[in-house]
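*Asks:* There's a structure below that I have some questions on.
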Amino acid sequence: MKWNNFSLISILVLLGLALWVILPTDSVRLGKEGFQFGLDIKGGAHLVYQADLSQKDPSLTDEAVMDSLLNKIARRANNYSTEPLVQKYGSDKIVVDLPGIKDVEEAIRILGNVAILEVCEEEPQNGTYESRFDTTGKEWFVATGVGSDGVTIEMLTGKYLKGAYVGLEDNKPVVGFEWNAEGGELFYQITDRAYKAGKQIAMFLDGECIQIASVSAAIKDKGQISGKMTLQECKNLVTQLNSGSLDVPLTIIQRSDVDATLGADLLNKSLLAGGIGIAIIIVFMIFYYGIPGTIAAVALLIYSAIVLAIYKFWPVTITMPSIAGFVISIGMAIDANVLIFERLKEELRSGRNLHNAIHEAFHRAWPSIRDSNISTFITCIILYWFGNTFGAFMVKGFALTLFIGVAVSMFSAVFITRTFIDILIGEGFIKGLSIHEVKKNV
């Protein structure tokens with residue numbers, strides 16, 4: 001009896017924690033804010049990029065280049081969107097899901113631009129061959145300087161950046177940047193040369209001139225990009241500079257825009273359908289199995305709260321396939337109770353008393369519950385691997401939510417339902433069970 005009381009307290013505490021995590025649905029609990037919804041519900045952009053690996057550094061492997069691209073795109077996406085999904089697809093593709101994004105063209109530009117920052121001079125120096133043209137057609141030459149070894153001629157590009165940030169000058173947004181030690185020395189040489197010659201320098205991003213500036217003194221560690229840029233444009237430029245330039249060019253080969261209104265409508269209809277389904281299941285269980293069915297219905301509600309709390313705490317990205325996985329797992333949870341109760345009917349028919357019949361029902365139904373759920377786990381693992389390997393992320397979400405739901409359903413059927421039944425019998429609230437078609441064998 002003491003064990004049952006401890007089990008009941010544990011269940012109630014677990015239920016309380018689950019409700020605390022999920023209610024209200026947009027609250028902050030344990031560092032998580034609201035449920036994380038996917039593109040098909042929240043709306044946004046689905047982009048597929050293809051990398052041109054023919055332009056990679058020959059000393060690097062394809063895998064190393066793709067891993068570098070993945071990290072840089074992920075950093076850009078995390079600064080641009082809430083809870084983005086960035087994954088490698090195949091050998092040369094990257095899939096990006098950006099929930100809540102409305103300006104898809106801007107997203108494509110920010111994520112896919114190579115973002116090579118170059119400092120240029122008006123006159124070529126030290127055998128410079130690289131040149132760029134601004135909007136007026138004027139030719140500029142990529143600035144060079146003497147490297148730390150005292151001999152090497154280095155081009156000053158974004159690879160020497162230590163970091164970039166948004167600042168204000170005369171109440172207008174600007175982009176400040178800081179060079180590392182090597183970059184600072186090169187920048188000093190370039191600005192000192194321009195200052196003494198009365199020349200200007202220019203900043204180019206991906207071959208496009210973003211600023212032309214006069215030099216009033218030699219500058220070493222820091223610089224600034226100003227001009228007719230909005231605050232958002234400055235933030236986007238900082239995101240690109242801080243993520244680093246991409247190793248190879250990317251080409252957008254697929255894009256899909258998802259309307260948030262359509263997603264919300266689908267979510268509401270899915271929740272309504274799921275609620276109706278759960279209500280029908282609860283009514284059936286109560287009508288057909290009586291008191292055990294009522295206990296199973298209560299256990300099902302506790303099960304649902306625990307699963308939703310896991311979704312929010314993890315967090316699990318909720319998509320339409322994810323909701324389907326959750327609904328199917330509810331069916332699996334009820335299926336476990338049906339196996340137990342049908343076994344209970346058999347034990348009662350064989351003449352066992354109520355207490356022994358319940359013990360045997362749970363004991364003998366367990367192998368069937370265990371084996372069926374293990375087979376479902378194996379299927380979920382295969383589906384998850386398939387989705388992760390081949391970029392079928394909707395399949396991956398379905399497999400994940402089904403796996404979580406089935407795992408919790410085993411706990412719900414075997415522990416929660418069993419605890420409630422044992423307590424009610426032990427306290428004398430149940431002296432007999434009204435289960436349809438329970439007839440003692442003659």
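Simple scheme: letters A, B, ... for chains in structure tokens order, numbers from 1 for residues in each chain, numbers from 1 for ligands in the order shown.
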Need to verify the contact set: Tyr89 of chain A, 12 Å, only C-alpha atoms, exclusion of same-chain residues closer than 6 positions in sequence. Can you return it as a ChimeraX atom specification?

*Replies:* /A:47-51,63,66-67,70,95-96,386-393

*Asks:* Would you write out those residues with N, CA and C atoms, as a JSON list (two decimals), in the first residue's frame?

*Replies:*
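Final output, out_24.json:
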[["chain", "number", "residue", "atom", "x", "y", "z"],
["A", 47, "LEU", "N", 14.22, 26.53, -48.27],
["A", 47, "LEU", "CA", 15.22, 26.78, -49.30],
["A", 47, "LEU", "C", 16.16, 25.59, -49.43],
["A", 48, "VAL", "N", 16.54, 25.28, -50.65],
["A", 48, "VAL", "CA", 17.53, 24.24, -50.91],
["A", 48, "VAL", "C", 18.66, 24.85, -51.73],
["A", 49, "TYR", "N", 19.89, 24.84, -51.18],
["A", 49, "TYR", "CA", 21.06, 25.38, -51.85],
["A", 49, "TYR", "C", 21.94, 24.24, -52.36],
["A", 50, "GLN", "N", 22.58, 24.49, -53.49],
["A", 50, "GLN", "CA", 23.56, 23.54, -54.02],
["A", 50, "GLN", "C", 24.92, 24.22, -54.07],
["A", 51, "ALA", "N", 25.92, 23.55, -53.52],
["A", 51, "ALA", "CA", 27.27, 24.11, -53.47],
["A", 51, "ALA", "C", 28.04, 23.75, -54.74],
["A", 63, "GLU", "N", 33.73, 16.87, -48.04],
["A", 63, "GLU", "CA", 33.04, 16.79, -46.74],
["A", 63, "GLU", "C", 33.42, 17.94, -45.83],
["A", 66, "MET", "N", 31.66, 21.09, -47.06],
["A", 66, "MET", "CA", 30.23, 21.08, -46.75],
["A", 66, "MET", "C", 29.98, 21.30, -45.26],
["A", 67, "ASP", "N", 30.82, 20.73, -44.41],
["A", 67, "ASP", "CA", 30.67, 20.95, -42.96],
["A", 67, "ASP", "C", 30.89, 22.43, -42.62],
["A", 70, "LEU", "N", 27.87, 24.34, -43.80],
["A", 70, "LEU", "CA", 26.73, 24.08, -42.91],
["A", 70, "LEU", "C", 26.82, 24.95, -41.66],
["A", 95, "VAL", "N", 19.76, 22.21, -46.91],
["A", 95, "VAL", "CA", 18.35, 22.55, -46.79],
["A", 95, "VAL", "C", 18.17, 23.49, -45.60],
["A", 96, "VAL", "N", 17.46, 24.59, -45.82],
["A", 96, "VAL", "CA", 17.24, 25.59, -44.78],
["A", 96, "VAL", "C", 15.75, 25.86, -44.65],
["A", 386, "PHE", "N", 16.17, 7.52, -42.31],
["A", 386, "PHE", "CA", 15.82, 7.83, -43.70],
["A", 386, "PHE", "C", 15.62, 9.33, -43.88],
["A", 387, "GLY", "N", 14.84, 9.93, -42.99],
["A", 387, "GLY", "CA", 14.57, 11.36, -43.10],
["A", 387, "GLY", "C", 15.81, 12.20, -42.93],
["A", 388, "ASN", "N", 16.69, 11.81, -42.01],
["A", 388, "ASN", "CA", 17.91, 12.57, -41.75],
["A", 388, "ASN", "C", 18.92, 12.42, -42.89],
["A", 389, "THR", "N", 18.96, 11.24, -43.50],
["A", 389, "THR", "CA", 19.94, 10.97, -44.56],
["A", 389, "THR", "C", 19.54, 11.57, -45.89],
["A", 390, "PHE", "N", 18.26, 11.48, -46.22],
["A", 390, "PHE", "CA", 17.81, 11.89, -47.55],
["A", 390, "PHE", "C", 17.05, 13.21, -47.55],
["A", 391, "GLY", "N", 17.06, 13.91, -46.41],
["A", 391, "GLY", "CA", 16.45, 15.23, -46.38],
["A", 391, "GLY", "C", 14.93, 15.22, -46.28],
["A", 392, "ALA", "N", 14.33, 14.06, -45.95],
["A", 392, "ALA", "CA", 12.87, 13.98, -45.80],
["A", 392, "ALA", "C", 12.53, 14.35, -44.35],
["A", 393, "PHE", "N", 12.58, 15.66, -44.06],
["A", 393, "PHE", "CA", 12.50, 16.11, -42.68],
["A", 393, "PHE", "C", 11.11, 15.94, -42.08]]

*Asks:* Find the residues near Thr135 of chain A: any atom within 10 Å, counting only C-alpha atoms, skip ones fewer than 6 places away on the same chain, and give them as a PyMOL selection string.

*Replies:* chain A and resi 208-210

*Asks:* So how far away is atom CA of Gln240 of chain A from atom CA of Val316 of chain A, in Å?

*Replies:*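 Value for the atom CA of Val316 of chain A-atom CA of Gln240 of chain A distance: 28.0 Å.
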
*Asks:* Hey, what's within 10 Å of segment 5-15 of chain A if we count only C-alpha atoms and toss same-chain stuff fewer than 6 positions away? As a list in words, please?

*Replies:*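 Once the adjacent positions are removed, what remains is Val21, Ala299, Leu301, Ile302, Tyr303, Ser304, Ala305, Ile306, Ala309, Ser412, Phe415, Ile416, Arg418, Thr419, Phe420, Asp422 and Ile423 of chain A.
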
*Asks:* Restricted to C-alpha atoms, what would the selected residues look like written as a PDB file, in the first residue's frame?

*Replies:*
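Final file, selection.pdb:
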ATOM      1  CA  VAL A  21       5.788  23.443 -18.500  1.00  0.00           C
ATOM      2  CA  ALA A 299      -4.307   7.978 -17.693  1.00  0.00           C
ATOM      3  CA  LEU A 301      -5.093  12.711 -20.326  1.00  0.00           C
ATOM      4  CA  ILE A 302      -2.017  12.495 -18.074  1.00  0.00           C
ATOM      5  CA  TYR A 303      -0.144  10.820 -20.929  1.00  0.00           C
ATOM      6  CA  SER A 304      -1.059  13.672 -23.294  1.00  0.00           C
ATOM      7  CA  ALA A 305       0.168  16.295 -20.814  1.00  0.00           C
ATOM      8  CA  ILE A 306       3.506  14.502 -20.353  1.00  0.00           C
ATOM      9  CA  ALA A 309       5.629  18.846 -21.981  1.00  0.00           C
ATOM     10  CA  SER A 412       1.212   5.276 -18.982  1.00  0.00           C
ATOM     11  CA  PHE A 415       2.519   2.315 -14.430  1.00  0.00           C
ATOM     12  CA  ILE A 416      -0.200   4.981 -14.310  1.00  0.00           C
ATOM     13  CA  ARG A 418      -1.909  -0.017 -12.803  1.00  0.00           C
ATOM     14  CA  THR A 419      -1.337   2.406  -9.916  1.00  0.00           C
ATOM     15  CA  PHE A 420      -4.850   3.866 -10.113  1.00  0.00           C
ATOM     16  CA  ASP A 422      -4.468  -0.955  -7.361  1.00  0.00           C
ATOM     17  CA  ILE A 423      -5.243   2.062  -5.167  1.00  0.00           C
TER      18      ILE A 423
END

*Asks:* List as a PyMOL selection string the protein and nucleic acid residues near segment 396-411 of chain A, meaning an atom at most 7 Å away when only C-alpha atoms are counted, but skip any in the same chain fewer than 4 places from it.

*Replies:* chain A and resi 303+307+321-322+324-326+329+332-333+373+377+380+383-384+387-388+392+415-416

*Asks:* Please compute the atom CA of Lys56 of chain A-atom CA of Gln211 of chain A distance, one decimal, in Å.

*Replies:*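 According to the coordinates, atom CA of Lys56 of chain A and atom CA of Gln211 of chain A are separated by 28.4 Å.
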
*Asks:* Using only C-alpha atoms, which residue out of A:Val283, A:Cys120, A:Ala361, A:Ile421 lies closest to Phe141 of chain A?

*Replies:*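 Between A:Val283, A:Cys120, A:Ala361, A:Ile421, the residue approaching Phe141 of chain A most closely is A:Cys120.
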
*Asks:* Among segment 23-193 of chain A, which ones does DSSP assign to alpha helix (DSSP H) (computed from the backbone)? Answer as a VMD selection string.

*Replies:* chain A and resid 39 to 42 62 to 80 104 to 112 181 to 193

*Asks:* Using only C-alpha atoms, which residues sit within 12 Å of Asp335 of chain A once same-chain residues fewer than 4 positions away are excluded, as a PyMOL selection string?

*Replies:* chain A and resi 281+285+293+296+300+328-331+339-342+365+368-370+372-373+406+409-410+412-414

*Asks:* If you keep N, CA and C atoms, can you produce a file of those selected residues as an mmCIF file, in the first residue's frame?

*Replies:*
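Final file, out-v5.cif:
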data_model
loop_
_atom_site.group_PDB
_atom_site.id
_atom_site.type_symbol
_atom_site.label_atom_id
_atom_site.label_comp_id
_atom_site.auth_asym_id
_atom_site.auth_seq_id
_atom_site.Cartn_x
_atom_site.Cartn_y
_atom_site.Cartn_z
ATOM 1 N N ILE A 281 -12.588 8.190 -28.282
ATOM 2 C CA ILE A 281 -11.881 7.085 -27.625
ATOM 3 C C ILE A 281 -12.248 7.011 -26.147
ATOM 4 N N MET A 285 -14.072 3.885 -24.275
ATOM 5 C CA MET A 285 -13.413 3.159 -23.182
ATOM 6 C C MET A 285 -14.286 3.131 -21.936
ATOM 7 N N GLY A 293 -12.095 1.474 -17.913
ATOM 8 C CA GLY A 293 -12.062 2.403 -19.030
ATOM 9 C C GLY A 293 -11.953 3.840 -18.566
ATOM 10 N N ALA A 296 -8.430 4.374 -17.556
ATOM 11 C CA ALA A 296 -7.601 4.491 -18.757
ATOM 12 C C ALA A 296 -7.751 5.869 -19.388
ATOM 13 N N LEU A 300 -4.895 8.522 -20.002
ATOM 14 C CA LEU A 300 -4.651 9.064 -21.334
ATOM 15 C C LEU A 300 -4.454 10.573 -21.281
ATOM 16 N N ILE A 328 -1.269 9.065 -33.603
ATOM 17 C CA ILE A 328 -1.089 7.613 -33.694
ATOM 18 C C ILE A 328 -0.587 7.053 -32.368
ATOM 19 N N SER A 329 0.300 7.795 -31.695
ATOM 20 C CA SER A 329 0.811 7.316 -30.404
ATOM 21 C C SER A 329 -0.294 7.254 -29.357
ATOM 22 N N ILE A 330 -1.303 8.125 -29.473
ATOM 23 C CA ILE A 330 -2.453 8.041 -28.576
ATOM 24 C C ILE A 330 -3.178 6.718 -28.796
ATOM 25 N N GLY A 331 -3.331 6.345 -30.074
ATOM 26 C CA GLY A 331 -3.930 5.058 -30.377
ATOM 27 C C GLY A 331 -3.125 3.911 -29.805
ATOM 28 N N LEU A 339 -5.313 -4.268 -24.525
ATOM 29 C CA LEU A 339 -4.687 -5.576 -24.322
ATOM 30 C C LEU A 339 -4.785 -6.009 -22.857
ATOM 31 N N ILE A 340 -4.529 -5.065 -21.956
ATOM 32 C CA ILE A 340 -4.591 -5.383 -20.521
ATOM 33 C C ILE A 340 -6.011 -5.740 -20.101
ATOM 34 N N PHE A 341 -6.982 -4.941 -20.532
ATOM 35 C CA PHE A 341 -8.363 -5.165 -20.107
ATOM 36 C C PHE A 341 -8.946 -6.433 -20.724
ATOM 37 N N GLU A 342 -8.596 -6.739 -21.953
ATOM 38 C CA GLU A 342 -9.075 -7.979 -22.551
ATOM 39 C C GLU A 342 -8.477 -9.185 -21.842
ATOM 40 N N ALA A 365 -0.087 -9.488 -20.207
ATOM 41 C CA ALA A 365 -0.229 -8.571 -21.347
ATOM 42 C C ALA A 365 1.080 -7.851 -21.661
ATOM 43 N N SER A 368 3.205 -8.788 -24.889
ATOM 44 C CA SER A 368 2.605 -8.310 -26.144
ATOM 45 C C SER A 368 2.824 -6.805 -26.308
ATOM 46 N N ILE A 369 2.629 -6.050 -25.207
ATOM 47 C CA ILE A 369 2.844 -4.600 -25.254
ATOM 48 C C ILE A 369 4.303 -4.292 -25.567
ATOM 49 N N ARG A 370 5.190 -4.988 -24.880
ATOM 50 C CA ARG A 370 6.625 -4.754 -25.078
ATOM 51 C C ARG A 370 7.054 -5.039 -26.516
ATOM 52 N N SER A 372 5.269 -5.346 -29.335
ATOM 53 C CA SER A 372 4.673 -4.480 -30.362
ATOM 54 C C SER A 372 5.303 -3.098 -30.350
ATOM 55 N N ASN A 373 5.608 -2.596 -29.152
ATOM 56 C CA ASN A 373 6.228 -1.274 -29.068
ATOM 57 C C ASN A 373 7.675 -1.290 -29.530
ATOM 58 N N VAL A 406 5.091 6.624 -28.113
ATOM 59 C CA VAL A 406 5.009 5.196 -27.786
ATOM 60 C C VAL A 406 5.775 4.903 -26.496
ATOM 61 N N SER A 409 3.674 6.008 -23.735
ATOM 62 C CA SER A 409 2.474 5.173 -23.634
ATOM 63 C C SER A 409 2.740 3.898 -22.847
ATOM 64 N N MET A 410 3.953 3.351 -22.969
ATOM 65 C CA MET A 410 4.306 2.165 -22.178
ATOM 66 C C MET A 410 4.285 2.494 -20.689
ATOM 67 N N SER A 412 2.591 4.952 -19.346
ATOM 68 C CA SER A 412 1.212 5.276 -18.982
ATOM 69 C C SER A 412 0.383 4.023 -18.726
ATOM 70 N N ALA A 413 0.454 3.062 -19.646
ATOM 71 C CA ALA A 413 -0.386 1.862 -19.535
ATOM 72 C C ALA A 413 0.044 0.973 -18.374
ATOM 73 N N VAL A 414 1.347 0.790 -18.213
ATOM 74 C CA VAL A 414 1.843 -0.167 -17.229
ATOM 75 C C VAL A 414 1.943 0.446 -15.832
#

*Asks:* With a cut-off of 12 Å, could you pull out the residues of segment 196-251 of chain A touching segment 97-116 of chain A and give me the nearest pair of atoms for each, distance in Å to one decimal, using only C-alpha atoms, ordered by chain and ascending number, as CSV?

*Replies:*
residue,atom,partner,partner_atom,distance
A:Met203,CA,A:Ile116,CA,10.4
A:Phe204,CA,A:Ile116,CA,8.0
A:Leu205,CA,A:Ile116,CA,5.5
A:Asp206,CA,A:Ile116,CA,5.1
A:Gly207,CA,A:Ile116,CA,7.9
A:Glu208,CA,A:Ile116,CA,9.9
A:Cys209,CA,A:Ile116,CA,11.6
A:Ile210,CA,A:Ala115,CA,12.0
A:Gln232,CA,A:Glu106,CA,10.8
A:Glu233,CA,A:Ile110,CA,9.9
A:Cys234,CA,A:Ile110,CA,11.6
A:Lys235,CA,A:Ile110,CA,10.4
A:Asn236,CA,A:Ile110,CA,6.7
A:Leu237,CA,A:Ile110,CA,8.0
A:Val238,CA,A:Ile110,CA,10.3
A:Thr239,CA,A:Ile110,CA,8.1
A:Gln240,CA,A:Ala115,CA,6.1
A:Leu241,CA,A:Ala115,CA,6.7
A:Asn242,CA,A:Ala115,CA,9.8
A:Ser243,CA,A:Ala115,CA,9.0
A:Gly244,CA,A:Ala115,CA,7.2
A:Ser245,CA,A:Ala115,CA,4.8
A:Leu246,CA,A:Val114,CA,4.7
A:Asp247,CA,A:Val114,CA,7.5
A:Val248,CA,A:Val114,CA,7.2
A:Pro249,CA,A:Val114,CA,5.9
A:Leu250,CA,A:Gly112,CA,5.8
A:Thr251,CA,A:Gly112,CA,7.4

*Asks:* In Å, rounded to a single decimal, give me how far atom CA of Leu272 of chain A is from atom CA of Pro84 of chain A.

*Replies:* 27.2 Å

*Asks:* Neighbouring residues of Val215 of chain A were defined as those with any atom within 8 Å, considering only C-alpha atoms; residues of the same chain fewer than 4 positions away were excluded. Please report them as a list of chain:residue names.

*Replies:*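 Listing them by chain and then by number gives A:Thr191, A:Ala194, A:Tyr195, A:Gly198, A:Lys199, A:Gln200, A:Ile201.
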
*Asks:* Can you list, as a list in words, every protein, DNA or RNA residue that comes within 8 Å of Leu344 of chain A when you count only C-alpha atoms, leaving out same-chain residues fewer than 5 positions away?

*Replies:* Ala357, Ile358, Glu360, Ala361 and Phe362 of chain A
